Protein chains: 4
Amino acid sequence: MALTESQQQEIEAARAAEGRTRRPVAPGLEALLFEALPVLDHGFVRVIDYMGDDAAVVQAARVSYGRGTRAANEDRGLIRYLMRHRHSTPFEMCEIKYHVKLPIFVARQWIRHRTANVNEYSARYSILDREFYIPEPQHLAAQSSSNRQGRGAVLEGAEAARVLDLLRQDAMATYDHYAWMLNEDEAGNPVEEGRQGLARELARMNLTLNTYTQWYWKTDLHNLFHFLSLRADSHAQYEIRAYAEAMLRTVEAWVPESFAAFRDYRMGAVTLSAGMLGIVRRLLAGETVAQAGSGLSKREWRELMAVLGRDPD
Amino acid sequence: MALTESQQQEIEAARAAEGRTRRPVAPGLEALLFEALPVLDHGFVRVIDYMGDDAAVVQAARVSYGRGTRAANEDRGLIRYLMRHRHSTPFEMCEIKYHVKLPIFVARQWIRHRTANVNEYSARYSILDREFYIPEPQHLAAQSSSNRQGRGAVLEGAEAARVLDLLRQDAMATYDHYAWMLNEDEAGNPVEEGRQGLARELARMNLTLNTYTQWYWKTDLHNLFHFLSLRADSHAQYEIRAYAEAMLRTVEAWVPESFAAFRDYRMGAVTLSAGMLGIVRRLLAGETVAQAGSGLSKREWRELMAVLGRDPD
Amino acid sequence: MALTESQQQEIEAARAAEGRTRRPVAPGLEALLFEALPVLDHGFVRVIDYMGDDAAVVQAARVSYGRGTRAANEDRGLIRYLMRHRHSTPFEMCEIKYHVKLPIFVARQWIRHRTANVNEYSARYSILDREFYIPEPQHLAAQSSSNRQGRGAVLEGAEAARVLDLLRQDAMATYDHYAWMLNEDEAGNPVEEGRQGLARELARMNLTLNTYTQWYWKTDLHNLFHFLSLRADSHAQYEIRAYAEAMLRTVEAWVPESFAAFRDYRMGAVTLSAGMLGIVRRLLAGETVAQAGSGLSKREWRELMAVLGRDPD
Amino acid sequence: MALTESQQQEIEAARAAEGRTRRPVAPGLEALLFEALPVLDHGFVRVIDYMGDDAAVVQAARVSYGRGTRAANEDRGLIRYLMRHRHSTPFEMCEIKYHVKLPIFVARQWIRHRTANVNEYSARYSILDREFYIPEPQHLAAQSSSNRQGRGAVLEGAEAARVLDLLRQDAMATYDHYAWMLNEDEAGNPVEEGRQGLARELARMNLTLNTYTQWYWKTDLHNLFHFLSLRADSHAQYEIRAYAEAMLRTVEAWVPESFAAFRDYRMGAVTLSAGMLGIVRRLLAGETVAQAGSGLSKREWRELMAVLGRDPD
């Protein structure tokens with residue numbers, strides 16, 4: 001992660017300033033506020049504002065359920081109940097705002113989560129930094145042969161070296177040409193006297209998808225959990241998962257009870273269809289069940305056996 | 001507005017407690033926080049949390065526009081520019097949460113604004129309070145004869161008195177029957193021994209639409225401005241406008257620059273079609289234009305003349 | 001359900017008219033189009049338009065997954081895979097529009113589903129019909145003693161009779177007073193000469209929550225499935241479930257493969273937390289597990305045993 | 001636009017097939033259905049499905065406004081009234097689905113419109129085509145010197161030629177390296193025997209932002225109008241405007257009355273703040289007004305004079 005000195009100073013200044021508020025305060029997150037958590041080679045995630053805490057979830061649930069669910073020692077149980085039964089609206093009462101620096105191809109996956117507010121650095125207006133994502137060697141995976149959308153073994157030897165060379169080389173060459181077309185270097189000086197320079201909104205098209213961009217991204221806790229359940233999952237692409245994992249830390253610091261409930265009931269959870277549940281019941285009753293008589297397709301059978309930790313045969 | 005003593009104490013306690021935060025603080029809104037602003041006869045609006053301030057709008061706009069729009073004394077101009085040109089995303093970076101007590105028929109209009117988070121008091125779960133909206137005599141308007149959706153003159157004399165009697169009487173009678181069906185009074189005691197009592201989710205259907213409900217309602221500043229532009233408008237029904245007007249006070253306290261821009265560019269603004277603008281230009285050039293040669297329908301012509309403060313003939 | 005003769009004729013005319021289209025056609029739903037499926041005593045649901053079919057789901061999934069998943073006989077498997085793994089965007093590519101007549105208290109639950117388009121009959125503008133929901137005797141349930149939000153046994157005898165009398169009587173009395181205040185009967189004639197009549201937007205507040213309203217409601221198939229999974233569920237209030245069940249019929253007629261996948265993987269499905277799954281695995285391995293050593297709370301243990309069809313002790 | 005022969009045949013087949021439907025049919029759009037309207041050098045927009053027509057807007061408005069606005073010859077006036085007064089919900093009752101081929105940098109602007117459904121071609125799963133956007137010489141504009149976000153004069157001579165060379169060259173080189181990394185050419189054959197090939201989800205990051213992607217994009221008419229009002233506007237970047245302009249043609253064919261109202265009241269419309277309107281009134285009254293005494297900032301004054309077609313001094 002490459003924060004400039006002036007960015008680092010801004011962060012220090014923001015972290016040093018403290019004010020008084022009547023609002024709920026989440027001490028765990030205050031400690032992390034503004035800090036840039038490094039992700040990938042040049043990226044980061046940092047929380048720049050938040051609203052609410054675990055108690056705000058409880059408070060919202062109680063306005064719905066009214067009198068009768070009051071005891072303070074029941075807060076934890078209530079949060080777990082809400083999570084288990086997917087009562088999502090109380091979690092919407094907390095809000096968080098992140099500043100994120102991320103490669104464009106990651107931003108393209110991320111933006112599909114529509115229930116969020118976004119302000120992205122505009123390359124129509126400004127010049128992007130000369131920073132690209134180049135994977136660590138251990139993340140340079142081959143295409144999976146079984147899963148069209150997954151990664152296989154790590155690339156090795158000459159092939160790996162050549163891939164890294166190409167990524168680095170192409171990113172730099174296209175960036176250099178971008179700057180040439182703009183006729184403006186990173187410091188804002190013309191590259192050559194007397195040229196007009198191409199419009200920024202056009203020149204940016206020459207950049208590769210591993211160029212870093214940045215944005216402010218704001219969402220509520222329910223939608224954040226949804227995002228994290230998809231993106232901190234083992235099926236997510238490693239690069240976005242790296243962001244999701246840094247964000248998990250911030251959520252744990254912010255709303256520890258809600259986070260624990262999320263971890264237990266969402267992250268590690270499995271869903272069984274009625275047919276699958278029927279087979280679990282038969283197995284528990286001591287019956288022997290095979291795929292053939294199960295009513296499940298082969299694929300579903302394999303998925304169920306994997307969930308139950310049993311041999312598919 | 002009827003806050004119970006225990007609610008009043010809760011509010012006092014919340015207002016007395018102060019913590020330290022690194023987050024942006026809006027001093028004007030801190031002063032109002034948790035306070036119940038009375039609306040109608042038993043309703044209120046109170047801010048219970050917020051995120052961000054005018055500077056957060058500017059900060060978000062600058063991440064988009066990047067380097068180059070930096071001078072601190074330009075913040076006001078930037079906010080006004082964003083509002084004038086309907087750049088809405090920076091305003092989405094501020095969030096506010098209200099606790100509102102309101103008649104059900106007002107809640108039904110309000111809920112049509114979908115981009116918000118809501119937790120409403122559940123009458124499936126709890127018993128509603130014995131409180132109904134009864135208009136002040138000066139708000140007891142006749143049906144407008146010209147506008148199918150508007151109000152005419154204030155009702156007077158025997159008709160007005162009878163209307164108020166009916167509203168009061170029906171609300172109380174249906175509430176009494178609601179409590180009888182539930183076999184539970186407001187204190188939670190059975191009305192008669194030995195009866196089961198109807199399910200709450202059913203009994204509530206006997207209540208009239210002026211019964212008060214309450215909810216937490218959370219939205220971002222852009223969507224709040226949209227809500228206020230429709231609901232603080234003279235075409236809005238008086239009862240929801242009363243809420244919108246109380247909320248305007250909270251927004252002014254929270255984000256004074258954004259509020260001023262909103263007041264100037266949205267609340268008092270008019271939109272002219274291309275055809276209407278053409279006529280304004282012709283009039284400014286000294287031409288005499290009548291509806292007949294204007295290309296506008298009679299209705300559009302009347303609307304334009306009203307905007308320009310001119311006689312339609 | 002009370003359709004007026006002219007409504008009935010309109011429906012017949014719409015059903016009789018046929019045009020030619022290049023768009024995908026869902027024959028099962030064409031047969032149901034415009035027909036009013038009766039719900040409760042005066043309500044209905046009818047499909048008035050739709051876009052797409054099962055093939056549109058497949059087509060959208062394939063633009064995402066590109067070349068390689070082509071065989072026509074794999075459509076069913078692909079739809080089931082998408083449903084099982086909660087790939088929701090392909091289901092968003094189908095859209096449906098309903099015309100619904102429903103009691104106001106049901107409309108208030110329904111409207112919480114925000115991702116939909118709604119046009120409701122306006123009681124600011126027009127006069128509501130004299131129609132109220134009065135439950136059938138077998139749906140007149142007592143409050144559940146164990147579940148604050150549920151129904152217990154059916155009310156009987158004098159209590160049931162009195163409840164029905166009150167509901168009917170109050171609805172009619174408040175409606176009569178509504179018409180008196182308006183000074184306008186259902187045919188639009190003044191009740192008494194010489195009175196102005198209260199504005200409609202005010203008079204409506206005297207109506208009870210079982211008064212019928214109507215709306216057009218349009219949503220996509222993914223959000224419809226979400227609505228149905230909550231509202232056709234046994235925990236939903238009977239009255240909204242009655243609507244959801246009528247809508248299930250229309251979905252089955254429209255997109256039979258997607259519907260079958262929804263029924264198998266969503267309606268009958270259960271979700272197990274990581275902790276619950278661990279216990280299932282231990283039970284399958286022949287271990288004896290009790291709540292005490294399970295790591296689950298008593299409530300979670302009871303829920304798990306219920307899912308597995310086992311005695312909690 | 002480069003449609004493959006098999007795509008062309010698919011389109012022909014879809015256009016040839018016709019079925020019968022009871023749904024509303026929009027004849028103008030039926031004629032255009034499935035046809036690929038060329039945009040930029042390799043892109044296109046084509047309508048692949050729709051729901052509703054002008055009459056559906058009217059129908060939805062009438063369920064809201066109820067009895068009383070019935071005459072068929074008033075449909076046009078009602079649509080214009082709805083548009084003029086920003087009654088948006090009736091326009092939400094129409095839905096349209098496009099298949100779009102577009103450069104990635106255009107897709108990144110487009111996706112900010114969140115109220116839409118999207119299925120994009122997945123480069124995690126499949127291999128992108130070897131197609132890049134290279135601007136026509138007349139669209140190769142210099143950076144505007146007055147507007148940080150705009151275009152100035154057209155680049156000429158050697159600079160223009162060099163820019164085009166660089167764009168072409170870099171796109172091809174990075175694509176070649178992409179294919180090398182994948183070890184798979186466009187036909188799916190390995191480039192070299194014995195290499196594993198980099199995972200698709202990684203290799204794609206080497207592509208430049210002018211590479212073409214494609215998606216299905218579905219939205220309702222209200223949100224489409226919002227999209228078009230921003231993207232068919234002269235301030236929009238030329239490349240996305242080219243798509244918006246092709247889409248205008250489809251909207252005109254689909255809902256001609258709504259389109260005419262949109263063109264009159266939205267596309268050519270201007271909004272005046274209260275302060276600006278005050279000045280227009282003073283000017284109409286024959287007063288001489290200068291910026292100094294206007295209460296407007298210099299920038300606002302210039303904007304107003306431009307709208308009125310007057311000299312700012």
# chains A, B, ... in the order shown; residues from 1 in each chain; ligands from 1
$ select_by_dssp --residues "segment 164-295 of chain B" --states "alpha helix (DSSP H)" --output "ChimeraX atom specification"
/B:164-182,200-203,221-231,238-254,256-262,274-284
$ interface_residues --of "chain C" --to "chain B" --cutoff "7 Å" --atoms "only C-alpha atoms" --output "JSON, numbers by chain"
{"C": [105, 114, 124, 125, 141, 142, 143, 144, 148, 149, 151, 163, 166, 167, 170, 174, 177, 181, 196, 197, 198, 199, 200, 205, 206, 207, 208, 209, 210]}
$ residues_around --residues "Gln7 of chain C" --least-positions-apart "6" --cutoff "12 Å" --atoms "only C-alpha atoms" --output "list in words"
Met1, Ala13, Ala14, Phe34, Glu35 and Ala36 of chain C
$ write_last_selection --atoms "N, CA, C and O atoms" --output "compact mmCIF listing (two decimals), in the first residue's frame"
# COMPACT_ATOMS: atom_id res chain seq x y z
N MET C 1 -65.46 -12.35 -3.66
CA MET C 1 -64.95 -11.29 -4.53
C MET C 1 -66.10 -10.63 -5.29
O MET C 1 -66.91 -11.31 -5.89
N ALA C 13 -63.35 -8.78 -22.17
CA ALA C 13 -62.88 -8.16 -23.41
C ALA C 13 -61.36 -8.29 -23.53
O ALA C 13 -60.82 -8.64 -24.59
N ALA C 14 -60.66 -8.05 -22.43
CA ALA C 14 -59.20 -8.15 -22.46
C ALA C 14 -58.77 -9.58 -22.76
O ALA C 14 -57.83 -9.82 -23.51
N PHE C 34 -55.36 -11.83 -16.90
CA PHE C 34 -56.48 -10.93 -16.59
C PHE C 34 -57.51 -11.54 -15.64
O PHE C 34 -58.28 -10.81 -15.02
N GLU C 35 -57.53 -12.86 -15.54
CA GLU C 35 -58.52 -13.53 -14.69
C GLU C 35 -58.33 -13.15 -13.23
O GLU C 35 -57.21 -13.14 -12.74
N ALA C 36 -59.43 -12.87 -12.54
CA ALA C 36 -59.35 -12.51 -11.13
C ALA C 36 -59.44 -13.76 -10.27
O ALA C 36 -60.47 -14.43 -10.24
$ residues_around --residues "Lys218 of chain D" --least-positions-apart "6" --cutoff "10 Å" --atoms "only C-alpha atoms" --output "MDAnalysis selection string"
(chainID C and resid 92:95) or (chainID D and resid 47:50 95:99 115:119 224)
$ write_last_selection --atoms "C-alpha atoms" --output "PDB file, in the first residue's frame"
ATOM      1  CA  GLU C  92     -34.451 -10.690 -12.286  1.00  0.00           C
ATOM      2  CA  MET C  93     -34.784 -10.830 -16.073  1.00  0.00           C
ATOM      3  CA  CYS C  94     -38.463 -11.857 -15.834  1.00  0.00           C
ATOM      4  CA  GLU C  95     -41.084  -9.365 -14.733  1.00  0.00           C
TER       5      GLU C  95
ATOM      6  CA  VAL D  47     -34.305  -4.609 -27.542  1.00  0.00           C
ATOM      7  CA  ILE D  48     -34.958  -8.212 -26.623  1.00  0.00           C
ATOM      8  CA  ASP D  49     -38.164  -7.876 -24.627  1.00  0.00           C
ATOM      9  CA  TYR D  50     -40.608  -5.302 -23.293  1.00  0.00           C
ATOM     10  CA  GLU D  95     -40.358  -2.412 -18.571  1.00  0.00           C
ATOM     11  CA  ILE D  96     -37.757  -2.984 -21.286  1.00  0.00           C
ATOM     12  CA  LYS D  97     -34.800  -5.334 -21.709  1.00  0.00           C
ATOM     13  CA  TYR D  98     -31.779  -4.558 -23.879  1.00  0.00           C
ATOM     14  CA  HIS D  99     -28.832  -6.567 -25.061  1.00  0.00           C
ATOM     15  CA  THR D 115     -32.192   0.755 -10.436  1.00  0.00           C
ATOM     16  CA  ALA D 116     -31.828  -1.824 -13.183  1.00  0.00           C
ATOM     17  CA  ASN D 117     -31.195  -5.528 -13.599  1.00  0.00           C
ATOM     18  CA  VAL D 118     -27.960  -6.623 -15.210  1.00  0.00           C
ATOM     19  CA  ASN D 119     -26.379  -9.829 -16.437  1.00  0.00           C
ATOM     20  CA  LEU D 224     -34.903   4.658 -18.428  1.00  0.00           C
TER      21      LEU D 224
END
$ select_by_dssp --residues "segment 193-248 of chain C" --states "strand (DSSP E or B)" --output "ChimeraX atom specification"
/C:198,208,211-220
$ write_last_selection --atoms "N, CA and C atoms" --output "PDB file, in the first residue's frame"
ATOM      1  N   LEU C 198     -66.465  17.220   3.554  1.00  0.00           N
ATOM      2  CA  LEU C 198     -65.063  17.243   3.998  1.00  0.00           C
ATOM      3  C   LEU C 198     -64.153  16.770   2.851  1.00  0.00           C
ATOM      4  N   THR C 208     -61.797   2.003   8.755  1.00  0.00           N
ATOM      5  CA  THR C 208     -61.042   0.994   9.515  1.00  0.00           C
ATOM      6  C   THR C 208     -60.054   0.263   8.589  1.00  0.00           C
ATOM      7  N   THR C 211     -60.826  -2.109   5.538  1.00  0.00           N
ATOM      8  CA  THR C 211     -61.370  -1.595   4.283  1.00  0.00           C
ATOM      9  C   THR C 211     -60.492  -2.072   3.116  1.00  0.00           C
ATOM     10  N   TYR C 212     -61.125  -2.405   2.014  1.00  0.00           N
ATOM     11  CA  TYR C 212     -60.354  -2.861   0.848  1.00  0.00           C
ATOM     12  C   TYR C 212     -59.798  -1.684   0.045  1.00  0.00           C
ATOM     13  N   THR C 213     -58.588  -1.849  -0.430  1.00  0.00           N
ATOM     14  CA  THR C 213     -57.990  -0.925  -1.390  1.00  0.00           C
ATOM     15  C   THR C 213     -57.553  -1.770  -2.587  1.00  0.00           C
ATOM     16  N   GLN C 214     -56.937  -1.160  -3.583  1.00  0.00           N
ATOM     17  CA  GLN C 214     -56.413  -1.960  -4.687  1.00  0.00           C
ATOM     18  C   GLN C 214     -55.189  -1.288  -5.280  1.00  0.00           C
ATOM     19  N   TRP C 215     -54.364  -2.096  -5.905  1.00  0.00           N
ATOM     20  CA  TRP C 215     -53.179  -1.522  -6.548  1.00  0.00           C
ATOM     21  C   TRP C 215     -52.683  -2.391  -7.687  1.00  0.00           C
ATOM     22  N   TYR C 216     -51.855  -1.760  -8.503  1.00  0.00           N
ATOM     23  CA  TYR C 216     -51.029  -2.496  -9.454  1.00  0.00           C
ATOM     24  C   TYR C 216     -49.690  -2.678  -8.783  1.00  0.00           C
ATOM     25  N   TRP C 217     -49.171  -3.850  -8.885  1.00  0.00           N
ATOM     26  CA  TRP C 217     -47.904  -4.179  -8.219  1.00  0.00           C
ATOM     27  C   TRP C 217     -47.068  -4.975  -9.208  1.00  0.00           C
ATOM     28  N   LYS C 218     -45.882  -4.499  -9.464  1.00  0.00           N
ATOM     29  CA  LYS C 218     -45.018  -5.079 -10.505  1.00  0.00           C
ATOM     30  C   LYS C 218     -43.656  -5.359  -9.897  1.00  0.00           C
ATOM     31  N   THR C 219     -43.124  -6.535 -10.180  1.00  0.00           N
ATOM     32  CA  THR C 219     -41.807  -6.874  -9.630  1.00  0.00           C
ATOM     33  C   THR C 219     -41.144  -7.896 -10.532  1.00  0.00           C
ATOM     34  N   ASP C 220     -39.862  -8.191 -10.245  1.00  0.00           N
ATOM     35  CA  ASP C 220     -39.187  -9.211 -11.044  1.00  0.00           C
ATOM     36  C   ASP C 220     -39.270 -10.555 -10.331  1.00  0.00           C
TER      37      ASP C 220
END
